[in-house]
Amino acid sequence: MHSADFVPSRNEVYVFRGGNGREYLNDLHALDVNTYTWRNVETTGASPQQRANHSSAVLDELEELFIFGGWNGKERLNDIHILHTGTGAWTCPRIGGVLPHPRAGMTLTALRGRLYLFGGSGTSSKCFQDLQILDRKEMAWLDVMQQDENSSSNMMSNNWHAHEHQSDNEDYPRGNRRQGDRRQGSSRQTHEVVDDGPSSSSTTSMRVGGGFRKHADWRSQEMDQHDVLSAVTSSQFCNANPNDEDNIPTVFVQGQGPGRRAGHTATAVHRHIYVFGGSCGSDYLNDFFVLDTDPPPRIAVTEPTSM
C-alpha cells in the first residue's frame with residue numbers, strides 16, 4: 001500500500017507511506033542503504049494528500065520523485081506530485097495533455113525522461129490495460145494510440161516484446177483499450193481502439209510445460225502532429241479543426257499488450273520495461289511482457305517497378 005524508490009543521488013530509499021490499516025497516510029521516510037538508518041524527510045510545499053495503492057518513480061537525472069494516483073479512502077486519484085529530493089520541495093505542476101482515468105494499483109516506471117503508466121483499477125473495480133506516457137520535458141501526457149502493425153511496416157518503430165506465460169485458462173478479461181481519451185471541452189479529438197485479443201500477425205504460440213508461452217511484438221513509434229494527420233485515416237479525425245496547434249508527440253503502439261490488471265509489477269532495465277502478473281477480479285495472472293521503448297529502426301527495401 002506504500003511505495004519505495006531508490007534515489008541514487010542520496011543513496012537512500014524513499015518510502016511514501018500509504019495506509020496502516022486504520023487510516024491513510026502521506027508521510028515520507030528515507031532509509032540510508034549504507035548505514036541502514038531511517039530518517040523522517042523534512043519537506044516544504046504542499047504534500048500529496050493521504051493515499052494508498054498509489055505509484056511512484058524517480059527520474060535520477062533530475063533528482064525528482066513522482067507520486068501518481070491511488071486511493072484516499074473515498075475516491076481514486078489521478079494527480080501528479082513531484083518531490084525534488086535535493087531541496088525537499090513538493091510541487092504539484094500543471095500537466096498538459098489528457099489525464100489518465102483516476103485509478104489505484106497501477107505501475108509507474110521512469111525511463112530516460114519519461115514515466116510509463118500501465119494498468120490499475122478504477123471505479124467499480126474496473127481494471128485498465130492502457131499504456132500512458134508522461135513526458136517530463138513537455139510536462140504533458142502524450143497521445144498513445146493503438147496502430148495496425150501492417151499499416152507501418154515501412155516505418156521506424158519501437159517494440160513491445162511480450163513473453164506471455166499463463167495458466168491453462170486464457171480467458172482473462174481484455175475488453176476495450178482506450179487510448180487518447182479527450183477531456184470534456186478539449187479541442188483535441190477522441191480515439192478508441194477495440195482490442196479483440198491477440199492477432200495472428202503479431203502473436204505466435206507454442207505449448208510449454210502445461211501452459212501457453214506466447215511471443216508478441218508491441219511496437220511503438222513517436223510522431224509529431226503533422227505526421228499523425230498524414231498517417232491516420234480521415235474517419236478518425238472527422239471533427240478535426242485544421243487550425244488547432246498541437247505540439248504534443250503521439251506514440252503509436254503495435255501488437256498485443258498485457259490484458260487488464262492491477263497490482264502487477266513493472267521494472268525498467270536499460271531501455272526495456274518488464275511487466276509481470278497482477279490480478280483482475282478473481283483472476284490472478286502470471287504472464288510476462290517486455291516493452292522495448294527504443295528499438296532499432298525497421299528498414300524496408302522495395303524493388304522499383306520497371307517503366
# chains A, B, ... in the order shown; residues from 1 in each chain; ligands from 1
>>> residues_around(residues="Arg136 (chain A)", least_positions_apart="2", cutoff="6 Å", atoms="only C-alpha atoms", output="PyMOL selection string")
chain A and resi 113-114+138-139
>>> write_last_selection(atoms="N, CA, C and O atoms", output="compact mmCIF listing (two decimals), in the first residue's frame")
# COMPACT_ATOMS: atom_id res chain seq x y z
N GLY A 113 13.70 10.20 -18.97
CA GLY A 113 12.92 11.43 -19.06
C GLY A 113 11.44 11.24 -19.23
O GLY A 113 10.70 12.22 -19.41
N ARG A 114 10.98 9.99 -19.19
CA ARG A 114 9.55 9.72 -19.33
C ARG A 114 9.08 8.77 -18.24
O ARG A 114 9.86 7.97 -17.72
N GLU A 138 8.14 17.90 -21.73
CA GLU A 138 6.91 18.55 -22.17
C GLU A 138 5.98 18.82 -20.98
O GLU A 138 5.07 19.64 -21.08
N MET A 139 6.19 18.12 -19.88
CA MET A 139 5.28 18.11 -18.73
C MET A 139 3.86 17.89 -19.23
O MET A 139 2.92 18.64 -18.94
>>> residues_around(residues="Tyr14 (chain A)", least_positions_apart="2", cutoff="9 Å", atoms="only C-alpha atoms", output="MDAnalysis selection string")
chainID A and resid 3:7 12 16 28:31 41 65
>>> write_last_selection(atoms="N, CA, C and O atoms", output="PDB file, in the first residue's frame")
ATOM      1  N   SER A   3       4.808   3.024  -1.250  1.00  0.00           N
ATOM      2  CA  SER A   3       5.736   2.919  -2.376  1.00  0.00           C
ATOM      3  C   SER A   3       7.144   3.164  -1.881  1.00  0.00           C
ATOM      4  O   SER A   3       7.358   3.853  -0.874  1.00  0.00           O
ATOM      5  N   ALA A   4       8.118   2.579  -2.563  1.00  0.00           N
ATOM      6  CA  ALA A   4       9.526   2.718  -2.176  1.00  0.00           C
ATOM      7  C   ALA A   4      10.367   2.854  -3.432  1.00  0.00           C
ATOM      8  O   ALA A   4      10.208   2.075  -4.383  1.00  0.00           O
ATOM      9  N   ASP A   5      11.269   3.844  -3.439  1.00  0.00           N
ATOM     10  CA  ASP A   5      12.126   4.100  -4.609  1.00  0.00           C
ATOM     11  C   ASP A   5      13.534   4.445  -4.150  1.00  0.00           C
ATOM     12  O   ASP A   5      13.716   5.230  -3.200  1.00  0.00           O
ATOM     13  N   PHE A   6      14.506   3.900  -4.845  1.00  0.00           N
ATOM     14  CA  PHE A   6      15.895   4.229  -4.555  1.00  0.00           C
ATOM     15  C   PHE A   6      16.266   5.530  -5.247  1.00  0.00           C
ATOM     16  O   PHE A   6      16.007   5.715  -6.447  1.00  0.00           O
ATOM     17  N   VAL A   7      16.875   6.459  -4.483  1.00  0.00           N
ATOM     18  CA  VAL A   7      17.316   7.752  -5.004  1.00  0.00           C
ATOM     19  C   VAL A   7      18.840   7.733  -5.042  1.00  0.00           C
ATOM     20  O   VAL A   7      19.497   7.893  -4.002  1.00  0.00           O
ATOM     21  N   GLU A  12      19.685   6.667  -0.805  1.00  0.00           N
ATOM     22  CA  GLU A  12      18.620   6.345   0.139  1.00  0.00           C
ATOM     23  C   GLU A  12      17.417   5.775  -0.596  1.00  0.00           C
ATOM     24  O   GLU A  12      17.215   6.044  -1.787  1.00  0.00           O
ATOM     25  N   PHE A  16       7.124   6.479   0.589  1.00  0.00           N
ATOM     26  CA  PHE A  16       5.944   7.317   0.783  1.00  0.00           C
ATOM     27  C   PHE A  16       4.851   6.409   1.321  1.00  0.00           C
ATOM     28  O   PHE A  16       4.406   5.491   0.634  1.00  0.00           O
ATOM     29  N   LEU A  28       6.708  10.812   4.670  1.00  0.00           N
ATOM     30  CA  LEU A  28       7.823  10.398   3.823  1.00  0.00           C
ATOM     31  C   LEU A  28       9.024  10.036   4.693  1.00  0.00           C
ATOM     32  O   LEU A  28       9.424  10.791   5.580  1.00  0.00           O
ATOM     33  N   HIS A  29       9.601   8.873   4.439  1.00  0.00           N
ATOM     34  CA  HIS A  29      10.754   8.381   5.194  1.00  0.00           C
ATOM     35  C   HIS A  29      11.851   7.977   4.220  1.00  0.00           C
ATOM     36  O   HIS A  29      11.585   7.641   3.066  1.00  0.00           O
ATOM     37  N   ALA A  30      13.091   7.997   4.697  1.00  0.00           N
ATOM     38  CA  ALA A  30      14.230   7.613   3.873  1.00  0.00           C
ATOM     39  C   ALA A  30      15.122   6.652   4.649  1.00  0.00           C
ATOM     40  O   ALA A  30      15.406   6.860   5.837  1.00  0.00           O
ATOM     41  N   LEU A  31      15.563   5.604   3.965  1.00  0.00           N
ATOM     42  CA  LEU A  31      16.475   4.619   4.550  1.00  0.00           C
ATOM     43  C   LEU A  31      17.834   4.748   3.885  1.00  0.00           C
ATOM     44  O   LEU A  31      17.948   4.603   2.652  1.00  0.00           O
ATOM     45  N   VAL A  41      11.837  12.555   6.362  1.00  0.00           N
ATOM     46  CA  VAL A  41      12.256  13.532   5.364  1.00  0.00           C
ATOM     47  C   VAL A  41      11.481  14.825   5.575  1.00  0.00           C
ATOM     48  O   VAL A  41      10.249  14.851   5.475  1.00  0.00           O
ATOM     49  N   LEU A  65      11.218  12.755  -7.443  1.00  0.00           N
ATOM     50  CA  LEU A  65      10.360  11.632  -7.077  1.00  0.00           C
ATOM     51  C   LEU A  65       8.926  11.990  -7.455  1.00  0.00           C
ATOM     52  O   LEU A  65       8.410  13.024  -7.024  1.00  0.00           O
TER      53      LEU A  65
END
>>> select_by_dssp(residues="region 49-131 of chain A", states="helix (DSSP H, G or I)", output="ChimeraX atom specification")
/A:60-62,123-125
>>> residues_around(residues="Asn26 (chain A)", least_positions_apart="5", cutoff="9 Å", atoms="only C-alpha atoms", output="list of chain:residue names")
A:Phe16, A:Arg17, A:Gly18, A:Gly19, A:Ser47, A:Pro48, A:Gln49, A:Gln50, A:Arg51, A:Ala52
>>> residues_around(residues="Glu61 (chain A)", least_positions_apart="3", cutoff="9 Å", atoms="only C-alpha atoms", output="ChimeraX atom specification")
/A:9,58,64,112-113
>>> atom_distance(atom1="CA of Tyr116 (chain A)", atom2="CA of Gln132 (chain A)")
5.9 Å
>>> closest_residue(among="A:Ala57, A:Cys280, A:Cys92, A:Leu285", to="Phe128 (chain A)", atoms="only C-alpha atoms")
A:Cys280
>>> residues_around(residues="Val144 (chain A)", least_positions_apart="2", cutoff="8 Å", atoms="only C-alpha atoms", output="list in words")
Leu131, Gln132, Ile133, Leu142, Gln146, Gln179, Gly180, Thr250, Val251, Phe252 and Val253 of chain A
>>> closest_residue(among="A:Gly119, A:Gly88, A:Pro249, A:Gly257", to="Gly278 (chain A)", atoms="only C-alpha atoms")
A:Gly119
